[in-house]
file coords_4.txt (compact mmCIF, C-alpha atoms)
# COMPACT_ATOMS: atom_id res chain seq x y z
CA MET D 135 63.75 99.97 95.23
CA ILE D 136 66.89 100.77 93.24
CA SER D 137 67.45 98.94 89.95
CA LEU D 138 70.66 97.18 88.94
CA THR D 139 71.41 99.94 86.42
CA GLU D 140 70.83 102.65 89.02
CA GLU D 141 73.18 100.85 91.41
CA ASN D 142 75.91 100.86 88.76
CA TYR D 143 75.48 104.61 88.26
CA LEU D 144 75.64 105.28 92.01
CA LYS D 145 78.77 103.19 92.40
CA GLU D 146 80.57 104.99 89.56
CA LEU D 147 79.48 108.38 90.90
CA PHE D 148 80.98 107.44 94.25
CA ASN D 149 84.22 106.14 92.72
CA LEU D 150 84.63 109.26 90.55
CA SER D 151 83.84 111.77 93.28
CA SER D 152 86.57 114.34 93.83
CA GLU D 153 87.45 115.82 97.22
CA SER D 154 84.57 118.25 96.70
CA GLY D 155 82.28 115.30 96.04
CA GLU D 156 81.46 116.55 92.55
CA VAL D 157 81.50 114.59 89.29
CA ASN D 158 81.46 115.96 85.76
CA VAL D 159 78.66 114.51 83.59
CA ASN D 160 81.05 114.02 80.68
CA GLU D 161 83.48 112.11 82.90
CA LEU D 162 80.70 109.81 84.10
CA SER D 163 79.56 109.27 80.52
CA LYS D 164 83.08 108.24 79.44
CA ARG D 165 83.57 105.92 82.43
CA LEU D 166 80.32 104.08 81.78
CA GLY D 167 80.62 104.15 77.99
CA ILE D 168 77.13 105.65 77.73
CA ASN D 169 76.11 108.75 75.77
CA MET D 170 75.52 112.05 77.57
CA SER D 171 71.78 112.21 76.98
CA THR D 172 71.24 108.79 78.55
CA VAL D 173 73.38 109.73 81.55
CA THR D 174 71.48 113.01 81.97
CA SER D 175 68.16 111.15 81.84
CA MET D 176 69.33 108.76 84.57
CA MET D 177 70.57 111.63 86.73
CA LYS D 178 67.12 113.22 86.62
CA LYS D 179 65.62 109.90 87.71
CA LEU D 180 68.11 109.53 90.58
CA ALA D 181 67.45 113.14 91.60
CA GLU D 182 63.74 112.31 91.87
CA LYS D 183 64.68 109.53 94.29
CA GLU D 184 66.80 112.05 96.25
CA LEU D 185 69.98 110.11 95.55
CA VAL D 186 71.75 112.78 93.48
CA HIS D 187 71.85 116.58 93.42
CA TYR D 188 71.31 117.47 89.78
CA GLU D 189 71.15 120.83 88.00
CA SER D 190 71.57 121.40 84.26
CA TYR D 191 75.15 122.27 83.21
CA LYS D 192 76.48 121.83 86.75
CA PRO D 193 78.59 119.01 88.27
CA LEU D 194 76.76 116.08 89.83
CA LYS D 195 76.88 115.39 93.53
CA LEU D 196 75.60 112.42 95.52
CA SER D 197 73.18 113.24 98.31
CA GLU D 198 73.83 111.78 101.76
CA LYS D 199 71.25 109.11 100.95
CA GLY D 200 73.01 108.44 97.65
CA LYS D 201 76.42 108.17 99.33
CA LYS D 202 75.10 105.59 101.76
CA GLU D 203 73.47 103.54 99.02
CA ALA D 204 76.67 103.64 96.95
CA SER D 205 78.80 102.66 99.95
CA LEU D 206 76.59 99.67 100.68
CA ILE D 207 76.92 98.48 97.07
CA ILE D 208 80.70 98.82 97.34
CA ARG D 209 80.54 96.92 100.66
CA LYS D 210 78.83 93.99 98.95
CA HIS D 211 81.35 94.05 96.10
CA ARG D 212 84.42 94.09 98.33
CA LEU D 213 83.08 91.50 100.77
CA THR D 214 82.39 89.21 97.82
CA GLU D 215 85.92 89.68 96.47
CA MET D 216 87.35 88.83 99.90
CA PHE D 217 85.13 85.76 100.23
CA LEU D 218 86.15 84.50 96.79
CA VAL D 219 89.84 84.83 97.66
CA GLU D 220 89.81 83.73 101.29
CA LYS D 221 87.17 80.99 101.22
CA MET D 222 87.05 79.81 97.63
CA GLY D 223 90.68 80.07 96.54
CA PHE D 224 90.31 82.50 93.66
CA GLY D 225 93.25 84.72 92.73
CA TRP D 226 92.93 88.46 93.36
CA GLU D 227 93.01 88.97 89.60
CA GLU D 228 89.92 86.76 89.07
CA VAL D 229 87.33 88.18 91.44
CA HIS D 230 86.16 91.55 90.08
CA GLU D 231 83.79 90.33 87.38
CA ILE D 232 82.16 87.81 89.72
CA ALA D 233 81.71 90.44 92.43
CA GLU D 234 80.13 92.76 89.83
CA GLN D 235 77.31 90.23 89.56
CA VAL D 236 76.97 89.29 93.23
CA GLU D 237 76.89 92.91 94.48
CA HIS D 238 73.33 93.30 93.20
CA ILE D 239 71.89 90.64 95.53
CA GLN D 240 69.48 92.46 97.84
CA SER D 241 69.62 90.13 100.88
CA VAL D 242 71.24 91.98 103.81
CA GLY D 243 71.48 88.70 105.72
CA PHE D 244 73.50 87.11 102.93
CA PHE D 245 76.27 89.67 103.21
CA THR D 246 76.05 89.84 107.01
CA LYS D 247 76.78 86.10 107.10
CA MET D 248 79.58 86.51 104.56
CA ASP D 249 81.14 89.23 106.74
CA GLU D 250 80.87 86.99 109.80
CA LEU D 251 82.45 83.99 108.06
CA LEU D 252 85.37 86.19 106.98
CA GLY D 253 85.92 87.50 110.53
CA PHE D 254 84.76 91.06 109.71
CA PRO D 255 87.66 92.15 107.45
CA GLY D 256 88.52 95.83 107.13
CA ILE D 257 89.95 95.60 103.61
CA ASP D 258 89.34 93.64 100.41
CA PRO D 259 91.99 91.51 98.60
CA HIS D 260 93.36 94.63 96.89
CA GLY D 261 93.71 96.63 100.11
CA SER D 262 90.64 98.84 99.58
CA PRO D 263 88.58 99.55 102.73
CA ILE D 264 85.31 97.65 103.15
CA PRO D 265 82.45 99.92 104.28
CA ASP D 266 80.69 98.77 107.46
CA LYS D 267 77.00 97.76 107.58
CA ASN D 268 76.03 101.43 107.90
CA GLY D 269 78.01 102.42 104.81
CA THR D 270 80.80 104.12 106.76
CA ILE D 271 84.26 103.87 105.18
CA VAL D 272 87.49 104.36 107.14
CA TRP D 273 90.18 105.40 104.66
CA PRO D 274 93.71 104.24 105.60
CA THR D 275 96.61 106.65 105.11
CA TYR D 276 98.99 105.25 102.53
CA ASN D 277 101.78 106.63 100.35
CA LYS D 278 102.42 105.78 96.73
CA LEU D 279 105.61 103.79 96.26
CA SER D 280 106.65 106.51 93.81
CA GLU D 281 106.71 109.02 96.69
CA CYS D 282 109.28 107.03 98.69
CA ARG D 283 113.05 107.44 98.76
CA PRO D 284 116.10 105.20 98.33
CA GLY D 285 116.98 103.31 101.51
CA GLU D 286 113.41 103.18 102.81
CA MET D 287 111.71 99.93 103.77
CA VAL D 288 107.98 99.81 103.05
CA ARG D 289 105.12 97.34 103.19
CA LEU D 290 102.78 96.89 100.21
CA SER D 291 99.29 97.62 101.55
CA ALA D 292 97.03 98.26 98.56
CA VAL D 293 96.91 98.68 94.80
CA ILE D 294 95.19 101.51 92.96
CA ASN D 295 94.62 99.69 89.68
CA THR D 296 92.81 96.36 90.07
CA SER D 297 92.59 95.37 86.40
CA SER D 298 93.34 91.70 85.83
CA GLU D 299 96.24 92.68 83.55
CA PHE D 300 97.95 94.71 86.26
CA LEU D 301 97.34 92.08 88.95
CA LYS D 302 98.75 89.39 86.67
CA PHE D 303 101.79 91.63 86.17
CA LEU D 304 102.25 91.73 89.96
CA ASN D 305 101.70 87.97 90.24
CA ALA D 306 104.48 87.34 87.71
CA ARG D 307 106.82 89.32 89.97
CA GLU D 308 105.61 87.60 93.15
CA MET D 309 104.23 90.84 94.56
CA LYS D 310 101.31 90.65 97.02
CA LEU D 311 99.85 92.60 99.93
CA GLY D 312 102.00 92.56 103.05
CA LEU D 313 105.21 92.26 101.05
CA LYS D 314 108.18 94.18 102.50
CA ILE D 315 110.03 96.17 99.86
CA LYS D 316 113.44 97.84 100.13
CA ILE D 317 114.01 100.78 97.79
CA LYS D 318 117.55 100.54 96.45
CA SER D 319 117.69 103.35 93.88
CA ILE D 320 115.60 105.67 91.72
CA GLU D 321 116.46 106.50 88.10
CA PRO D 322 116.45 110.34 87.75
CA PHE D 323 115.39 110.27 84.09
CA ASP D 324 112.15 108.26 84.25
CA LYS D 325 111.70 107.77 88.03
CA SER D 326 111.81 103.99 87.70
CA MET D 327 112.85 102.19 90.89
CA VAL D 328 115.18 99.33 91.63
CA VAL D 329 113.83 97.45 94.63
CA SER D 330 114.46 94.23 96.52
CA TYR D 331 111.97 91.98 98.27
CA ALA D 332 111.59 88.35 99.28
CA THR D 333 113.84 86.32 96.96
CA ARG D 334 114.26 89.15 94.45
CA SER D 335 117.44 91.12 95.04
CA SER D 336 117.09 93.58 92.16
CA GLU D 337 113.73 94.20 90.50
CA THR D 338 113.12 97.28 88.33
CA LEU D 339 109.65 98.85 88.51
CA SER D 340 108.50 101.59 86.15
CA ASN D 341 107.09 104.85 87.50
CA ILE D 342 103.66 103.81 86.20
CA VAL D 343 103.78 100.71 88.41
CA CYS D 344 105.13 102.63 91.42
CA GLU D 345 102.27 105.14 91.10
CA ARG D 346 99.78 102.27 91.46
CA LEU D 347 101.30 100.63 94.55
CA LEU D 348 100.24 101.99 97.95
CA VAL D 349 102.59 101.37 100.84
CA GLU D 350 103.18 102.01 104.52
CA ARG D 351 106.63 102.72 105.86
CA SER D 352 108.15 99.87 107.83
CA ASP D 353 110.95 99.98 110.40
CA ASP D 354 111.79 96.26 110.23

call {"tool": "encode", "arguments": {"input": "coords_4.txt", "output": "structure tokens"}}
result
Amino acid sequence: MISLTEENYLKELFNLSSESGEVNVNELSKRLGINMSTVTSMMKKLAEKELVHYESYKPLKLSEKGKKEASLIIRKHRLTEMFLVEKMGFGWEEVHEIAEQVEHIQSVGFFTKMDELLGFPGIDPHGSPIPDKNGTIVWPTYNKLSECRPGEMVRLSAVINTSSEFLKFLNAREMKLGLKIKIKSIEPFDKSMVVSYATRSSETLSNIVCERLLVERSDD
């Protein structure tokens, strides 16, 4: 049995994993807001459960068992966010904290039913992929809006930052997933973009915002 605290560690390890799958202990400590000695102690405990590969003074790495456990926690979180938005009418900026609590429910049947009621969605309200019941994640191929060029038409498919502040920022500008965006110009100095979409004919987005918006190119 994995405790709530252990689940939180596994999830953050998964989210912080680089392409090599490794995570620096200091980075994990900062993300969780927990001192290094406490993190190290937990890593030893997770290593005993064969969830993490741990060696002193070396980067951390989830085992295959640990990756699956982490993916299943993320599955529960993202399914819950989708359910809150699609079935209960919450805004995408309101669901993270609630999902943080619900993700620790251990009933497999509960989330299987939730998945069924939602029609087996592939993504959550923020465009992040939902792992399947085996913990497998299919990662879509997106581009950052900041990587696109003037004249291109793109579709907003996901957001990197899901803080309530950022999502409220997007709400105020009527930006949501599926939105078609036309790139009108890019400012050479600070890489800010002037775009048009829906009823907005000229909206300026900073480079920071454009870095956080994931898009797919659209021909229509």

call {"tool": "residues_around", "arguments": {"input": "coords_4.txt", "residues": "D:Lys310", "least_positions_apart": "6", "cutoff": "9 Å", "atoms": "only C-alpha atoms", "output": "PyMOL selection string"}}
result
chain D and resi 260+290-292+304

call {"tool": "residues_around", "arguments": {"input": "coords_4.txt", "residues": "D:Lys278", "least_positions_apart": "4", "cutoff": "6 Å", "atoms": "all atoms listed in the file", "output": "mmCIF file with C-alpha atoms, in the frame of the given file"}}
result
data_model
loop_
_atom_site.group_PDB
_atom_site.id
_atom_site.type_symbol
_atom_site.label_atom_id
_atom_site.label_comp_id
_atom_site.auth_asym_id
_atom_site.auth_seq_id
_atom_site.Cartn_x
_atom_site.Cartn_y
_atom_site.Cartn_z
ATOM 1 C CA GLU D 345 102.270 105.140 91.100
ATOM 2 C CA LEU D 347 101.300 100.630 94.550
ATOM 3 C CA LEU D 348 100.240 101.990 97.950
#

call {"tool": "closest_atom_pairs", "arguments": {"input": "coords_4.txt", "of": "stretch 151-235 of chain D", "to": "stretch 244-247 of chain D", "cutoff": "10 Å", "atoms": "all atoms listed in the file", "output": "CSV"}}
result
residue,atom,partner,partner_atom,distance
D:Arg209,CA,D:Phe245,CA,8.8
D:Lys210,CA,D:Phe245,CA,6.6
D:His211,CA,D:Phe245,CA,9.8
D:Leu213,CA,D:Phe245,CA,7.5
D:Thr214,CA,D:Phe245,CA,8.2

call {"tool": "residues_around", "arguments": {"input": "coords_4.txt", "residues": "D:Tyr331", "least_positions_apart": "2", "cutoff": "7 Å", "atoms": "only C-alpha atoms", "output": "MDAnalysis selection string"}}
result
chainID D and resid 314:316 329 333:335

call {"tool": "write_last_selection", "arguments": {"input": "coords_4.txt", "atoms": "C-alpha atoms", "output": "compact mmCIF listing (two decimals), keeping the file's coordinate frame"}}
result
# COMPACT_ATOMS: atom_id res chain seq x y z
CA LYS D 314 108.18 94.18 102.50
CA ILE D 315 110.03 96.17 99.86
CA LYS D 316 113.44 97.84 100.13
CA VAL D 329 113.83 97.45 94.63
CA THR D 333 113.84 86.32 96.96
CA ARG D 334 114.26 89.15 94.45
CA SER D 335 117.44 91.12 95.04

call {"tool": "residues_around", "arguments": {"input": "coords_4.txt", "residues": "D:Glu215", "least_positions_apart": "4", "cutoff": "9 Å", "atoms": "all atoms listed in the file", "output": "CSV table (one decimal) with C-alpha atoms, in the coordinates of the input"}}
result
chain,number,residue,atom,x,y,z
D,210,LYS,CA,78.8,94.0,99.0
D,211,HIS,CA,81.4,94.0,96.1
D,219,VAL,CA,89.8,84.8,97.7
D,220,GLU,CA,89.8,83.7,101.3
D,224,PHE,CA,90.3,82.5,93.7
D,226,TRP,CA,92.9,88.5,93.4
D,228,GLU,CA,89.9,86.8,89.1
D,229,VAL,CA,87.3,88.2,91.4
D,230,HIS,CA,86.2,91.6,90.1
D,232,ILE,CA,82.2,87.8,89.7
D,233,ALA,CA,81.7,90.4,92.4
D,258,ASP,CA,89.3,93.6,100.4
D,259,PRO,CA,92.0,91.5,98.6
D,260,HIS,CA,93.4,94.6,96.9

call {"tool": "residues_around", "arguments": {"input": "coords_4.txt", "residues": "stretch 268-270 of chain D", "least_positions_apart": "4", "cutoff": "9 Å", "atoms": "all atoms listed in the file", "output": "PyMOL selection string"}}
result
chain D and resi 201-209+264

call {"tool": "atom_distance", "arguments": {"input": "coords_4.txt", "atom1": "atom CA of D:Met248", "atom2": "atom CA of D:Lys267"}}
result
11.9 Å

call {"tool": "closest_residue", "arguments": {"input": "coords_4.txt", "among": "D:Thr296, D:Ser190, D:Asn277, D:Asn169", "to": "D:Ser262", "atoms": "all atoms listed in the file"}}
result
D:Thr296

call {"tool": "atom_distance", "arguments": {"input": "coords_4.txt", "atom1": "atom CA of D:Ser151", "atom2": "atom CA of D:Leu194"}}
result
9.0 Å

call {"tool": "residues_near_point", "arguments": {"input": "coords_4.txt", "point": "(116.0, 106.2, 100.9)", "cutoff": "10 Å", "atoms": "all atoms listed in the file", "output": "ChimeraX atom specification"}}
result
/D:282-287,316-320

call {"tool": "atom_distance", "arguments": {"input": "coords_4.txt", "atom1": "atom CA of D:Ser352", "atom2": "atom CA of D:Gly312"}}
result
10.7 Å

call {"tool": "residues_near_point", "arguments": {"input": "coords_4.txt", "point": "(74.4, 99.7, 83.8)", "cutoff": "12 Å", "atoms": "all atoms listed in the file", "output": "list of chain:residue names"}}
result
D:Ser137, D:Leu138, D:Thr139, D:Glu140, D:Glu141, D:Asn142, D:Tyr143, D:Leu144, D:Lys145, D:Glu146, D:Leu162, D:Ser163, D:Arg165, D:Leu166, D:Gly167, D:Ile168, D:Thr172, D:Val173, D:Met176, D:Glu234, D:Gln235, D:His238

call {"tool": "closest_residue", "arguments": {"input": "coords_4.txt", "among": "D:Leu185, D:Leu311, D:Ile271, D:Cys344", "to": "D:Asp324", "atoms": "only C-alpha atoms"}}
result
D:Cys344

call {"tool": "decode", "arguments": {"input": "coords_4.txt", "residues": "stretch 248-282 of chain D", "atoms": "N, CA, C and O atoms", "output": "compact mmCIF listing (two decimals), in the first residue's frame"}}
result
# COMPACT_ATOMS: atom_id res chain seq x y z
N MET D 248 -16.03 6.75 -13.80
CA MET D 248 -15.85 8.15 -14.19
C MET D 248 -15.40 8.24 -15.66
O MET D 248 -15.92 9.04 -16.44
N ASP D 249 -14.44 7.40 -16.03
CA ASP D 249 -13.93 7.34 -17.40
C ASP D 249 -15.05 7.00 -18.37
O ASP D 249 -15.21 7.62 -19.43
N GLU D 250 -15.87 6.02 -17.99
CA GLU D 250 -16.99 5.59 -18.83
C GLU D 250 -18.01 6.70 -19.02
O GLU D 250 -18.48 6.95 -20.13
N LEU D 251 -18.36 7.37 -17.94
CA LEU D 251 -19.33 8.47 -18.01
C LEU D 251 -18.85 9.62 -18.89
O LEU D 251 -19.64 10.33 -19.50
N LEU D 252 -17.54 9.79 -18.94
CA LEU D 252 -16.95 10.87 -19.75
C LEU D 252 -16.78 10.47 -21.21
O LEU D 252 -16.46 11.31 -22.06
N GLY D 253 -16.97 9.18 -21.51
CA GLY D 253 -16.78 8.72 -22.89
C GLY D 253 -15.32 8.44 -23.21
O GLY D 253 -14.90 8.56 -24.36
N PHE D 254 -14.54 8.07 -22.18
CA PHE D 254 -13.13 7.70 -22.34
C PHE D 254 -12.29 8.79 -23.02
O PHE D 254 -11.73 8.60 -24.09
N PRO D 255 -12.21 9.96 -22.40
CA PRO D 255 -11.45 11.08 -22.99
C PRO D 255 -9.96 10.79 -23.05
O PRO D 255 -9.40 10.09 -22.20
N GLY D 256 -9.29 11.38 -24.06
CA GLY D 256 -7.85 11.20 -24.20
C GLY D 256 -7.05 12.31 -23.55
O GLY D 256 -5.86 12.15 -23.29
N ILE D 257 -7.71 13.45 -23.27
CA ILE D 257 -7.03 14.59 -22.67
C ILE D 257 -7.87 15.17 -21.54
O ILE D 257 -9.07 14.94 -21.47
N ASP D 258 -7.22 15.94 -20.67
CA ASP D 258 -7.93 16.61 -19.58
C ASP D 258 -8.33 18.01 -20.04
O ASP D 258 -8.10 18.38 -21.20
N PRO D 259 -8.96 18.82 -19.19
CA PRO D 259 -9.44 20.15 -19.63
C PRO D 259 -8.34 21.10 -20.08
O PRO D 259 -8.62 22.12 -20.72
N HIS D 260 -7.09 20.79 -19.73
CA HIS D 260 -5.97 21.66 -20.10
C HIS D 260 -5.18 21.12 -21.29
O HIS D 260 -4.16 21.67 -21.67
N GLY D 261 -5.68 20.00 -21.85
CA GLY D 261 -5.04 19.42 -23.03
C GLY D 261 -3.96 18.40 -22.72
O GLY D 261 -3.31 17.89 -23.63
N SER D 262 -3.74 18.09 -21.45
CA SER D 262 -2.73 17.09 -21.07
C SER D 262 -3.29 15.68 -21.28
O SER D 262 -4.47 15.44 -21.00
N PRO D 263 -2.47 14.74 -21.76
CA PRO D 263 -2.97 13.39 -22.03
C PRO D 263 -3.34 12.65 -20.74
O PRO D 263 -2.66 12.78 -19.73
N ILE D 264 -4.43 11.90 -20.79
CA ILE D 264 -4.87 11.09 -19.66
C ILE D 264 -4.32 9.67 -19.84
O ILE D 264 -4.62 9.02 -20.84
N PRO D 265 -3.51 9.18 -18.91
CA PRO D 265 -3.01 7.81 -19.02
C PRO D 265 -4.17 6.81 -19.05
O PRO D 265 -5.23 7.05 -18.44
N ASP D 266 -4.00 5.69 -19.75
CA ASP D 266 -5.05 4.67 -19.77
C ASP D 266 -5.00 3.85 -18.48
O ASP D 266 -4.18 4.12 -17.59
N LYS D 267 -5.87 2.86 -18.36
CA LYS D 267 -5.99 2.10 -17.11
C LYS D 267 -4.74 1.29 -16.78
O LYS D 267 -4.58 0.82 -15.66
N ASN D 268 -3.85 1.15 -17.76
CA ASN D 268 -2.58 0.45 -17.52
C ASN D 268 -1.43 1.42 -17.22
O ASN D 268 -0.29 1.01 -17.04
N GLY D 269 -1.75 2.72 -17.22
CA GLY D 269 -0.73 3.72 -16.94
C GLY D 269 0.04 4.18 -18.16
O GLY D 269 1.01 4.92 -18.04
N THR D 270 -0.41 3.77 -19.34
CA THR D 270 0.27 4.17 -20.58
C THR D 270 -0.19 5.56 -21.01
O THR D 270 -1.39 5.84 -21.04
N ILE D 271 0.77 6.41 -21.34
CA ILE D 271 0.46 7.78 -21.79
C ILE D 271 0.88 7.94 -23.25
O ILE D 271 2.01 7.62 -23.61
N VAL D 272 -0.03 8.44 -24.06
CA VAL D 272 0.29 8.77 -25.45
C VAL D 272 0.47 10.29 -25.52
O VAL D 272 -0.48 11.05 -25.31
N TRP D 273 1.70 10.72 -25.78
CA TRP D 273 2.00 12.15 -25.79
C TRP D 273 1.74 12.75 -27.18
O TRP D 273 2.38 12.36 -28.15
N PRO D 274 0.81 13.70 -27.30
CA PRO D 274 0.56 14.36 -28.59
C PRO D 274 1.77 15.20 -29.00
O PRO D 274 2.57 15.59 -28.15
N THR D 275 1.90 15.46 -30.28
CA THR D 275 2.97 16.32 -30.77
C THR D 275 2.42 17.73 -31.00
O THR D 275 1.61 17.95 -31.90
N TYR D 276 2.83 18.64 -30.16
CA TYR D 276 2.39 20.02 -30.27
C TYR D 276 3.59 20.94 -30.47
O TYR D 276 4.73 20.56 -30.22
N ASN D 277 3.31 22.16 -30.91
CA ASN D 277 4.32 23.22 -30.97
C ASN D 277 3.92 24.31 -30.00
O ASN D 277 2.73 24.52 -29.74
N LYS D 278 4.90 25.02 -29.47
CA LYS D 278 4.59 26.22 -28.69
C LYS D 278 4.16 27.31 -29.66
O LYS D 278 4.67 27.40 -30.77
N LEU D 279 3.22 28.14 -29.24
CA LEU D 279 2.79 29.25 -30.09
C LEU D 279 3.99 30.13 -30.42
O LEU D 279 4.08 30.68 -31.53
N SER D 280 4.92 30.24 -29.50
CA SER D 280 6.11 31.08 -29.70
C SER D 280 6.99 30.58 -30.84
O SER D 280 7.84 31.33 -31.35
N GLU D 281 6.82 29.33 -31.25
CA GLU D 281 7.63 28.75 -32.33
C GLU D 281 7.01 28.98 -33.72
O GLU D 281 7.63 28.65 -34.73
N CYS D 282 5.81 29.54 -33.74
CA CYS D 282 5.10 29.72 -35.01
C CYS D 282 5.46 31.05 -35.67
O CYS D 282 6.09 31.91 -35.06
